[in-house]
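Listing of target.cif, mmCIF, C-alpha atoms
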```
data_final
loop_
_atom_site.label_atom_id
_atom_site.label_comp_id
_atom_site.auth_asym_id
_atom_site.auth_seq_id
_atom_site.Cartn_x
_atom_site.Cartn_y
_atom_site.Cartn_z
CA MET A 757 103.76 76.33 111.69
CA THR A 758 101.01 78.46 110.18
CA THR A 759 102.06 80.54 107.19
CA THR A 760 101.53 84.21 108.07
CA TYR A 761 102.68 85.93 104.89
CA SER A 762 103.05 85.04 101.22
CA ILE A 763 105.46 86.72 98.82
CA ILE A 764 104.21 86.47 95.24
CA ILE A 765 106.55 86.96 92.28
CA PRO A 766 105.10 87.10 88.74
CA ALA A 767 107.83 85.88 86.43
CA TYR A 768 108.10 85.71 82.65
CA ASN A 769 111.54 84.65 81.38
CA GLU A 770 113.29 85.94 84.50
CA GLU A 771 116.23 83.50 84.51
CA PRO A 772 118.87 86.27 84.59
CA TRP A 773 117.30 88.21 87.48
CA LEU A 774 115.43 85.73 89.66
CA PRO A 775 118.49 84.24 91.45
CA ASP A 776 119.47 87.58 93.01
CA THR A 777 115.89 88.32 93.99
CA MET A 778 115.47 84.90 95.61
CA ASP A 779 118.82 85.10 97.43
CA ALA A 780 117.87 88.45 98.96
CA LEU A 781 114.43 87.13 99.87
CA GLN A 782 115.82 84.09 101.64
CA LYS A 783 118.13 86.29 103.69
CA ALA A 784 115.32 88.68 104.64
CA MET A 785 112.82 85.94 105.48
CA ALA A 786 115.33 84.10 107.68
CA ALA A 787 115.41 87.15 109.97
CA MET A 788 111.61 87.29 110.43
CA ASP A 789 109.79 85.88 113.44
CA LEU A 790 106.74 85.13 111.31
CA SER A 791 106.48 82.16 108.98
CA GLY A 792 106.33 82.95 105.27
CA GLU A 793 106.29 81.37 101.83
CA VAL A 794 107.44 82.43 98.37
CA ILE A 795 105.22 81.78 95.35
CA VAL A 796 106.73 82.26 91.90
CA VAL A 797 104.16 82.40 89.14
CA ASP A 798 105.69 81.12 85.92
CA ASN A 799 103.84 83.24 83.38
CA ASN A 800 104.46 80.92 80.42
CA SER A 801 108.25 81.28 80.43
CA THR A 802 110.48 79.61 77.85
CA ASP A 803 113.63 79.65 80.00
CA ARG A 804 114.66 78.15 83.38
CA THR A 805 112.49 80.43 85.51
CA SER A 806 110.52 77.57 87.10
CA GLU A 807 113.62 75.50 87.76
CA ILE A 808 115.40 78.38 89.47
CA ALA A 809 112.36 79.13 91.61
CA SER A 810 112.09 75.49 92.71
CA VAL A 811 115.79 75.24 93.56
CA HIS A 812 115.36 78.28 95.82
CA GLY A 813 112.48 76.63 97.65
CA ALA A 814 109.59 78.57 96.12
CA VAL A 815 106.14 77.19 95.39
CA VAL A 816 105.78 77.35 91.60
CA VAL A 817 102.41 78.15 90.03
CA PHE A 818 101.85 78.18 86.28
CA GLU A 819 99.74 80.84 84.56
CA PRO A 820 99.54 80.21 80.80
CA MET A 821 98.26 83.65 79.73
CA ASN A 822 101.12 86.14 79.62
CA GLN A 823 99.58 88.99 81.60
CA ILE A 824 101.02 90.53 84.77
CA SER A 825 97.70 90.97 86.56
CA ARG A 826 96.69 87.35 85.87
CA ALA A 827 100.03 86.15 87.21
CA ARG A 828 99.60 88.21 90.38
CA ASN A 829 96.08 86.88 90.88
CA ALA A 830 97.14 83.28 90.25
CA GLY A 831 99.77 83.63 92.96
CA ALA A 832 97.28 85.15 95.40
CA ARG A 833 94.87 82.26 94.87
CA ALA A 834 97.60 79.82 95.88
CA ALA A 835 98.72 81.90 98.87
CA GLU A 836 98.21 80.63 102.41
CA GLY A 837 99.25 83.78 104.26
CA GLN A 838 96.97 86.46 105.70
CA TYR A 839 99.48 89.04 104.49
CA LEU A 840 100.39 89.31 100.78
CA ILE A 841 103.49 90.91 99.28
CA PHE A 842 103.78 91.25 95.51
CA LEU A 843 107.39 91.55 94.37
CA ASP A 844 108.82 91.84 90.86
CA ALA A 845 111.41 89.27 89.82
CA ASP A 846 114.04 91.97 89.18
CA THR A 847 113.56 93.67 92.55
CA ILE A 848 115.62 93.35 95.73
CA ILE A 849 113.92 93.48 99.13
CA SER A 850 115.94 94.10 102.27
CA THR A 851 115.41 92.59 105.70
CA ALA A 852 114.42 96.00 107.07
CA LEU A 853 111.86 96.62 104.31
CA LEU A 854 110.22 93.22 104.72
CA LYS A 855 110.00 93.75 108.48
CA LYS A 856 108.50 97.22 108.04
CA ALA A 857 105.82 95.96 105.65
CA LEU A 858 104.85 93.11 107.97
CA ASP A 859 104.84 95.44 110.97
CA ASN A 860 102.55 97.85 109.12
CA LEU A 861 100.10 95.10 108.26
CA SER A 862 100.03 93.89 111.86
CA THR A 863 99.42 97.40 113.25
CA GLY A 864 96.46 98.70 111.30
CA ALA A 865 97.53 99.17 107.68
CA CYS A 866 95.46 97.67 104.89
CA GLY A 867 98.44 97.78 102.56
CA GLY A 868 100.90 100.01 100.79
CA GLY A 869 104.20 100.13 98.94
CA ALA A 870 107.62 101.73 99.22
CA LYS A 871 109.61 104.51 97.64
CA VAL A 872 111.70 103.23 94.73
CA ILE A 873 115.34 103.51 93.77
CA TYR A 874 116.98 102.01 90.67
CA GLU A 875 120.17 99.98 90.69
CA GLY A 876 123.25 100.87 88.72
CA LYS A 877 124.44 104.02 86.96
CA LEU A 878 121.48 106.03 85.70
CA PRO A 879 120.96 108.70 83.04
CA GLY A 880 120.52 112.15 84.55
CA PHE A 881 116.80 112.43 83.81
CA VAL A 882 115.94 109.23 85.71
CA ILE A 883 116.72 110.59 89.18
CA PRO A 884 114.27 113.53 89.09
CA ALA A 885 111.69 111.35 87.34
CA THR A 886 111.99 108.78 90.13
CA GLU A 887 111.69 111.49 92.77
CA LEU A 888 108.55 112.75 91.03
CA TRP A 889 107.08 109.24 91.05
CA ASN A 890 107.90 108.80 94.75
CA PHE A 891 106.16 112.12 95.52
CA PHE A 892 103.11 111.01 93.51
CA SER A 893 103.16 107.62 95.24
CA VAL A 894 103.05 109.14 98.73
CA LYS A 895 100.69 112.01 97.87
CA PHE A 896 98.04 109.95 96.11
CA GLY A 897 98.47 106.54 97.72
CA VAL A 898 99.81 104.50 94.82
CA ALA A 899 102.19 101.58 95.28
CA ALA A 900 104.86 100.97 92.66
CA GLY A 901 104.22 97.71 90.86
CA CYS A 902 107.57 96.25 91.86
CA PHE A 903 106.57 96.11 95.57
CA ILE A 904 103.01 96.02 96.93
CA TYR A 905 101.89 94.69 100.29
CA CYS A 906 98.35 94.17 101.56
CA LEU A 907 96.00 92.20 103.77
CA LYS A 908 94.62 89.11 102.06
CA GLU A 909 91.21 90.21 103.34
CA GLY A 910 91.56 93.52 101.53
CA TYR A 911 92.86 91.88 98.36
CA ASP A 912 89.82 89.59 98.27
CA ALA A 913 87.41 92.42 99.05
CA VAL A 914 88.52 94.59 96.12
CA GLY A 915 88.68 91.68 93.68
CA GLY A 916 92.45 91.54 93.22
CA PHE A 917 94.18 93.06 90.20
CA SER A 918 92.20 94.06 87.14
CA GLU A 919 92.61 91.59 84.28
CA ALA A 920 91.13 94.10 81.84
CA VAL A 921 94.54 95.82 81.55
CA TYR A 922 98.05 94.64 80.65
CA ALA A 923 99.80 97.32 82.72
CA SER A 924 98.93 99.95 85.37
CA GLU A 925 97.03 97.31 87.37
CA GLU A 926 98.87 98.38 90.52
CA ILE A 927 97.40 101.90 90.28
CA TRP A 928 93.77 100.75 90.18
CA PHE A 929 94.45 98.14 92.84
CA SER A 930 96.08 100.73 95.14
CA TRP A 931 93.16 103.13 94.88
CA LYS A 932 90.56 100.42 95.46
CA LEU A 933 92.46 99.11 98.46
CA LEU A 934 92.96 102.63 99.82
CA ALA A 935 89.19 103.23 99.62
CA TRP A 936 88.45 99.89 101.28
CA GLY A 937 90.89 100.72 104.06
CA LYS A 938 89.45 104.19 104.64
CA GLN A 939 86.04 102.70 105.30
CA ARG A 940 87.63 100.69 108.11
CA ARG A 941 89.96 103.46 109.32
CA MET A 942 92.98 101.55 108.08
CA ALA A 943 95.99 103.31 106.57
CA PHE A 944 97.54 102.77 103.14
CA ARG A 945 101.22 103.32 103.90
CA ILE A 946 104.01 104.05 101.45
CA ILE A 947 107.26 103.20 103.25
CA ASP A 948 109.70 106.10 103.08
CA HIS A 949 112.74 104.18 104.31
CA PRO A 950 114.18 101.74 103.48
CA GLN A 951 113.42 102.03 99.80
CA VAL A 952 112.91 99.11 97.46
CA ILE A 953 115.66 98.52 94.90
CA THR A 954 114.55 97.56 91.42
CA SER A 955 116.31 96.90 88.13
CA SER A 956 116.98 99.64 85.59
CA ARG A 957 116.95 97.09 82.76
CA LYS A 958 114.22 98.86 80.77
CA LEU A 959 116.54 101.84 80.39
CA LYS A 960 118.90 99.49 78.53
CA TRP A 961 116.17 97.83 76.48
CA PHE A 962 114.37 100.96 75.27
CA SER A 963 115.61 104.30 74.00
CA LEU A 964 114.60 107.56 75.65
CA LEU A 965 112.48 108.39 72.60
CA GLN A 966 110.66 105.05 72.77
CA MET A 967 109.91 105.43 76.48
CA PHE A 968 108.76 109.04 76.10
CA GLY A 969 106.50 108.03 73.22
CA MET A 970 104.85 105.30 75.29
CA VAL A 971 104.36 107.64 78.26
CA VAL A 972 102.67 110.22 76.00
CA MET A 973 100.47 107.56 74.42
CA PHE A 974 99.27 106.20 77.76
CA GLY A 975 98.79 109.71 79.12
CA PHE A 976 96.45 110.72 76.31
CA PHE A 977 94.98 107.27 75.58
CA PRO A 978 94.83 105.24 78.83
CA PHE A 979 92.56 102.79 77.00
CA ALA A 980 95.79 101.55 75.39
CA PHE A 981 96.57 99.68 78.61
CA ARG A 982 93.93 97.16 77.53
CA PHE A 983 96.07 95.95 74.60
CA ARG A 984 99.13 93.81 75.19
CA SER A 985 100.65 94.82 71.86
CA LEU A 986 100.76 98.45 73.02
CA CYS A 987 102.35 97.60 76.38
CA ARG A 988 105.77 96.66 75.01
CA LEU A 989 107.48 98.40 77.92
CA TRP A 990 106.24 95.62 80.22
CA TYR A 991 106.28 92.61 77.90
CA GLN A 992 109.02 92.98 75.31
CA ARG A 993 112.31 91.25 76.09
CA PRO A 994 115.62 91.58 74.25
CA THR A 995 117.20 88.60 72.49
CA ASP A 996 116.94 85.32 74.39
CA GLY A 997 120.05 84.09 76.16
CA ILE A 998 121.04 87.22 78.09
CA LYS A 999 122.19 87.15 81.67
CA ARG A 1000 122.83 89.63 84.43
CA THR A 1001 126.34 90.49 85.57
CA ASP A 1002 127.22 93.72 87.39
CA ASN A 1003 124.01 95.33 86.12
CA LEU A 1004 124.98 94.75 82.48
CA LEU A 1005 123.35 92.57 79.86
CA ILE A 1006 125.94 90.34 78.17
CA GLN A 1007 125.96 87.21 76.09
CA PRO A 1008 125.99 83.89 77.95
CA ASP A 1009 129.16 81.86 78.32
CA THR A 1010 129.50 78.48 76.66
CA THR A 1011 128.59 76.58 79.83
CA GLY A 1012 125.15 78.13 79.96
CA THR A 1013 125.48 78.82 83.68
CA ILE A 1014 124.00 81.80 85.47
CA ALA A 1015 126.52 84.24 86.93
CA ASP A 1016 125.49 86.00 90.13
CA SER A 1017 126.04 89.74 90.30
CA LYS A 1018 127.85 90.58 93.52
#
```
Represent the structure from my file as structure tokens, please.
Amino acid sequence: MTTTYSIIIPAYNEEPWLPDTMDALQKAMAAMDLSGEVIVVDNNSTDRTSEIASVHGAVVVFEPMNQISRARNAGARAAEGQYLIFLDADTIISTALLKKALDNLSTGACGGGAKVIYEGKLPGFVIPATELWNFFSVKFGVAAGCFIYCLKEGYDAVGGFSEAVYASEEIWFSWKLLAWGKQRRMAFRIIDHPQVITSSRKLKWFSLLQMFGMVVMFGFFPFAFRFRSLCRLWYQRPTDGIKRTDNLLIQPDTTGTIADSK
């Protein structure tokens, strides 16, 4: 059967989060009429990311340079589908959301994203900040990096994700794809419902002061996105050996197994 869509997951040391993401994906894909594939791009991980991806039936691609945009592009080059969906390794996609994205692509959309919600208990400031992002996403046609869908034709036409930056690549990609679609009278659609569920792990890894400082820096000096060392919010990980259980980061047990969060 011809592969119609490809789901591409850039993954750097995602052992604690990838199992949940893959389990949800398998459930969603099983309910689709179209044939799809999952491509996990191992972005030079030092943990069991590749092994977990293989066990879950994904095609594993290796990208040695630790850069999100390069990982996305490496996955797209290996993709066989005419529809592409870029999904973060800590993000859960529902059956309804996958179906909506595929339906949009088959009925005149060049691409899009979805409104975002974060898992777990959140600090008070996160909810209005997320609502502000969702408003910005819909108003200006910008897909959140955790979930982007597009036509492969459109992806190729705009040159994929910029490898000149270490973060914010989804913003430039969204605007280029939106412009490409407008020329062909194709919509760029942000899905209002269902929303995509993504991890709130960065709120545990960084303090409010650290996150605010990085936001201010990028706001005044967007050129900083070109330096990996300044994009710690996207590349820094806490101590090796953590795992995910009930949305908390805890030390691993002595067996070294991965506990699923249910």
Fill in: Selection: 8 Å around Ala784 (chain A), all atoms listed in the file, excl. self and same-chain fewer than 5 positions, as a PyMOL selection string
chain A and resi 849-852+854
Practice prompt. Work out how far apart CA of Ala899 (chain A) and CA of Lys871 (chain A) are and give it in Å to one decimal.
Written response: 8.3 Å
Enumerate, as a JSON list (two decimals) with C-alpha atoms, keeping the file's coordinate frame, the residues matched when the PyMOL selection byres ((chain A and resi 831) around 10) is run on the file above.
```
[["chain", "number", "residue", "atom", "x", "y", "z"],
["A", 762, "SER", "CA", 103.05, 85.04, 101.22],
["A", 763, "ILE", "CA", 105.46, 86.72, 98.82],
["A", 764, "ILE", "CA", 104.21, 86.47, 95.24],
["A", 765, "ILE", "CA", 106.55, 86.96, 92.28],
["A", 766, "PRO", "CA", 105.10, 87.10, 88.74],
["A", 794, "VAL", "CA", 107.44, 82.43, 98.37],
["A", 795, "ILE", "CA", 105.22, 81.78, 95.35],
["A", 796, "VAL", "CA", 106.73, 82.26, 91.90],
["A", 797, "VAL", "CA", 104.16, 82.40, 89.14],
["A", 798, "ASP", "CA", 105.69, 81.12, 85.92],
["A", 815, "VAL", "CA", 106.14, 77.19, 95.39],
["A", 816, "VAL", "CA", 105.78, 77.35, 91.60],
["A", 817, "VAL", "CA", 102.41, 78.15, 90.03],
["A", 818, "PHE", "CA", 101.85, 78.18, 86.28],
["A", 819, "GLU", "CA", 99.74, 80.84, 84.56],
["A", 825, "SER", "CA", 97.70, 90.97, 86.56],
["A", 826, "ARG", "CA", 96.69, 87.35, 85.87],
["A", 827, "ALA", "CA", 100.03, 86.15, 87.21],
["A", 828, "ARG", "CA", 99.60, 88.21, 90.38],
["A", 829, "ASN", "CA", 96.08, 86.88, 90.88],
["A", 830, "ALA", "CA", 97.14, 83.28, 90.25],
["A", 832, "ALA", "CA", 97.28, 85.15, 95.40],
["A", 833, "ARG", "CA", 94.87, 82.26, 94.87],
["A", 834, "ALA", "CA", 97.60, 79.82, 95.88],
["A", 835, "ALA", "CA", 98.72, 81.90, 98.87],
["A", 840, "LEU", "CA", 100.39, 89.31, 100.78],
["A", 842, "PHE", "CA", 103.78, 91.25, 95.51]]
```
Worksheet item: So how many Å separate CA of Gln823 (chain A) and CA of Asn799 (chain A), to one decimal?
Response: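 Rounded to one decimal, the two atoms are 7.4 Å apart.
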Worksheet item: How many Å separate CA of Ala809 (chain A) from CA of Leu843 (chain A)?
Response: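 Interatomic distance here is 13.7 Å.
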Fill in: Residue IDs satisfying the PyMOL selection byres ((chain A and resi 919) around 12), as a list in words
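Taken over the shown coordinates, the PyMOL selection byres ((chain A and resi 919) around 12) returns Met821, Asn822, Gln823, Ile824, Ser825, Arg826, Ala827, Arg828, Asn829, Ala830, Gly915, Gly916, Phe917, Ser918, Ala920, Val921, Tyr922, Ala923, Ser924, Glu925, Glu926, Trp928, Phe929, Phe981, Arg982, Phe983 and Arg984 of chain A.
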